[in-house]
Structure formats: C-alpha cells, structure tokens
Amino acid sequence: MQRRATTATSQTKRDRIARAGREHQEVARFESLLGELSAAMARAPADEVDGEIEIWLGKICLALDLDRSAVYERDSPDDPVRATHTWVRPNFPAFPRNYDPEKLLQRSTQLIMSGKMLVFADPSEIPAENVDARRMVARYGPKASAAIPMWAGGRVIGAASFGKFRSARKWPPELIERLALAVRLFGSAIERKQSEIAIRAVRTELRVASRRNLMSELVASLSHEINQPLGAILSNLGGLARLLAQGNPEPAIALEAVNNAIDDTKRTAEIVRRIRFMFKRHVEHKAAIAIGGLIGEVVKLTAGEASVRKIAVQLDVSPSGQRVVGDSIQLQQCVLNLVMNAFDAISEGKSARRDVAIKVAPEKIGWVGVSVRDSGSGIDPAVAKRLFEPFVTTKSEGMGLGLLVTRSIVESHGGRIWASPNPDQGTTFTFTLPVAETKRASLSRRAG
C-alpha cells in the first residue's frame, strides 16, 4: 500500500513538473510574439491600426489555442462600451449581433472598466457576486476566459477578452501579465489613432475657418468694388430713363449716359474676372513676370477694401521694370496676404496715420525686392522672431497661417522674406526674388 501511495505521489509530482514545463514554454513563445506585436503596433499608420488589431487578436488566439477574442472601447465615461474588433475560430459561435456588454454583463463590465480583471479557468471559478457572468457563461460559454482592462494614457479606455469554448484551461500568472501587456499595446495604438483623427479634424476646422475668414474679407472687398460701378450704372440708366420720358431733348447727354453705363459694366466684369482668375484652381506654371504689373493688379483688387477702411495705398515701382520667374497666381496671393495684413495692422492699431507704401526696386545684383510698409502699431517683440511659424499671429482674430503660406510661396520661388520695425511707426515686410535673367542663367548652369 505504501509503495502504491508513493508511486501515485511521484506521478502527481511528474505531472506537475511537466505542466509547469509546458506553461513555461507557452509563456516563452508568447514573449517572442509580444516583441512582434509591439513592433507591428508602432509601425502601423493610424488608418491601419484597426486592421492590425484584428490580425493580432487571431495570432494571439492561435498561439494560445483559444477560440474567440474581442476588443471593446469606450470613447468617454458617458459613452457605452462597444465591441470594435473581434476574431473567431472557424466553426465556432460568433459574437451576438448588436452585442451590448453593459446590458448583458453590467456588473462584470463595471468591474473590468474600473481596472480589474475577470479571469477563470473553469466556470466554477467565477466569483459568486458576478451573477451576470455566471448566467452568461452558463448560456453561451466559454469554458475558460480572461477579460482584461485596456489602459492608455493612465486611464481605462476599454477591454479585451479571450475565451476557450472546447475545454477549460489554466491561466498562469506569467501568461496573464503578458496578455495584459498585449492589451496595453492595443490601447496605445488606439489612443494614437484617435489622437491623429482628432488632429486631422482640427486641421480641417482650421482650413474651413481660414477659408471662411478669407472669403469674408474678399466678399467685403468685392462687394465694395462692384457696388461702385453698379451704382454708377444705375445712376446713368436712371438719367437716361428720365430723358427718354421727356422725349430725349438732349441726345448728347443720353449718349454719354449709355457710354458711361457700358464702361462701368466692363469695369464690373473685369473685377469679377480678376477675382476668378486669382482663386481659380490651376496647374503651377512659372514664367517671366513683370513683378510691378502683378502688384499693380493686387492694388486694384484691394482698392475697394482700402477705401472702406480709409487707407491710402502708394505703389512705387522702379523704372528698371525687372522681371522674375514665378507662378503669377501664387505671387499675387503672396502680395495680397501682405497687403491685407498691412490693412489689418492699421485698423487694429487705430493709428492716426493710415497709409500703406508698396515699393518694388532692385535689391542687389540679380535680385528684386518687394516691400509692404504699414503705419500700424508695430509687432509685439515677443512674437517678432516667430512671425512666420504656424499659428503665430498678431491679430485679435487671426489664424496665424497667412504669413506661413506667404513664406512658403516666396521660398518656393528661390527668395526669402523678413519683417522689420519702421523707425517711426509700423512694420515693413520685405521679400526678395531672383530676377528672370539670373534664374535662367542658374538653370542653364545646372543643366550643363
């Protein structure tokens, strides 16, 4: 009898050692898989995170001989928990349609979302207080499960569950630790995805707001520009109507009224043409451009806005009439940004002097300089060195993008831009561009 008892004890000990060896091997294999998972989650672009998570749920289940797994997310404490990623072994029951864990497993879901795990190797191990989990497992399975909270940024943003339906299984503490690390990697990837989505949304809002602000300024300027010739047309046609009602006793005056109306109609059409041309989508096309004439177009375009704000604009173009190589639409946008900035600086500074001086002159051999000088209150020294950085602005309602775009245009044309305080008041923005001849010579040397 003693020998049989000793033999049974020895067999139990051998079984225990063998099981411990298998568990150690399983943990070691999973440790290697974790390294691959970490690299995959770090590598995956935001748009591919969801697909990667579902792939890795399957890899984890196959490595641990499990049958089903899922990831659950909660966007905020007030939002419901929902299954967002699932994997099921072929020929095993899928997740119920419209599965609501908080409705079916309210107590257990609250437990897990508070940061605690719910792990059982056999249904009998489910704590008695988790009545909902006992009821759910008795009806649907599984026979063994590990539900692990998903942490990200110091908070629980969801959970992951892993289940086996065919038989019970042990969950060694070392394996649970590594499963928890895998779930945390999922959480970090999801948090990164959500952050990038939020950043994209903010960028979209900024683009919309920037366009809205630009359109607001353009509509005000365009309205004033067009209202002037339309008012003149209306006045001329009104006078003509009165002459016709009187039998047209003065044909010369009637003819003059008609001609004036025709001229003003053409002027209105030209204003609309300039606006459409400036903001029409176009393929970038660089050619030799008379920079003075291009800036003159911008001055005409903003004449209405200058009149509304009671700002005098002076344009001084060097007689040398130098040309630059560039895209006329982009360069017009660049000058327009600087002129509108000058108008805003004067308006916000409430300066008694209200004038903007635009000068075009040779800067040095092979270069031409364009400066826009305002009589505003100047630039705060705290932001002076960061003016051309994104989201830095001196305007009370500015977006901090206009000067960034302006610098980008200038630099793409081979030039540079800077700002300097005026000796008396206000600021001067200056940018330089290579003249056409120099640009062509440089291109020729590069080609040779």
# chains A, B, ... in the order shown; residues from 1 in each chain; ligands from 1
call {"tool": "residues_around", "arguments": {"residues": "stretch 28-45 of chain A", "least_positions_apart": "5", "cutoff": "7 Å", "atoms": "only C-alpha atoms", "output": "count of residues only"}}
result
3
call {"tool": "residues_around", "arguments": {"residues": "A:Arg135", "least_positions_apart": "6", "cutoff": "10 Å", "atoms": "only C-alpha atoms", "output": "number ranges by chain"}}
result
A: 104-105, 141
call {"tool": "closest_residue", "arguments": {"among": "A:Gln246, A:Gln322, A:Asn227, A:Gln194", "to": "A:Gly369", "atoms": "only C-alpha atoms"}}
result
A:Gln322
call {"tool": "atom_distance", "arguments": {"atom1": "atom CA of A:Ala269", "atom2": "atom CA of A:Pro229"}}
result
9.9 Å
call {"tool": "closest_atom_pairs", "arguments": {"of": "stretch 362-381 of chain A", "to": "stretch 332-343 of chain A", "cutoff": "12 Å", "atoms": "only C-alpha atoms", "output": "CSV"}}
result
residue,atom,partner,partner_atom,distance
A:Val370,CA,A:Val335,CA,8.8
A:Ser371,CA,A:Leu338,CA,9.1
A:Val372,CA,A:Leu338,CA,6.8
A:Arg373,CA,A:Ala342,CA,7.3
A:Asp374,CA,A:Ala342,CA,5.3
A:Ser375,CA,A:Ala342,CA,8.0
A:Gly376,CA,A:Ala342,CA,7.4
A:Ser377,CA,A:Ala342,CA,10.5
A:Gly378,CA,A:Ala342,CA,10.1
A:Ile379,CA,A:Ala342,CA,11.4
call {"tool": "write_last_selection", "arguments": {"atoms": "C-alpha atoms", "output": "short mmCIF file (atom, residue, chain, number, x, y, z; two decimals), in the first residue's frame"}}
result
data_model
loop_
_atom_site.label_atom_id
_atom_site.label_comp_id
_atom_site.auth_asym_id
_atom_site.auth_seq_id
_atom_site.Cartn_x
_atom_site.Cartn_y
_atom_site.Cartn_z
CA VAL A 370 9.24 93.96 -52.77
CA SER A 371 8.36 95.77 -49.54
CA VAL A 372 4.99 96.48 -47.94
CA ARG A 373 5.19 99.22 -45.30
CA ASP A 374 2.30 99.95 -42.93
CA SER A 375 1.66 102.66 -40.33
CA GLY A 376 0.17 100.36 -37.72
CA SER A 377 1.20 99.96 -34.12
CA GLY A 378 4.04 97.55 -34.88
CA ILE A 379 4.72 93.96 -33.86
#
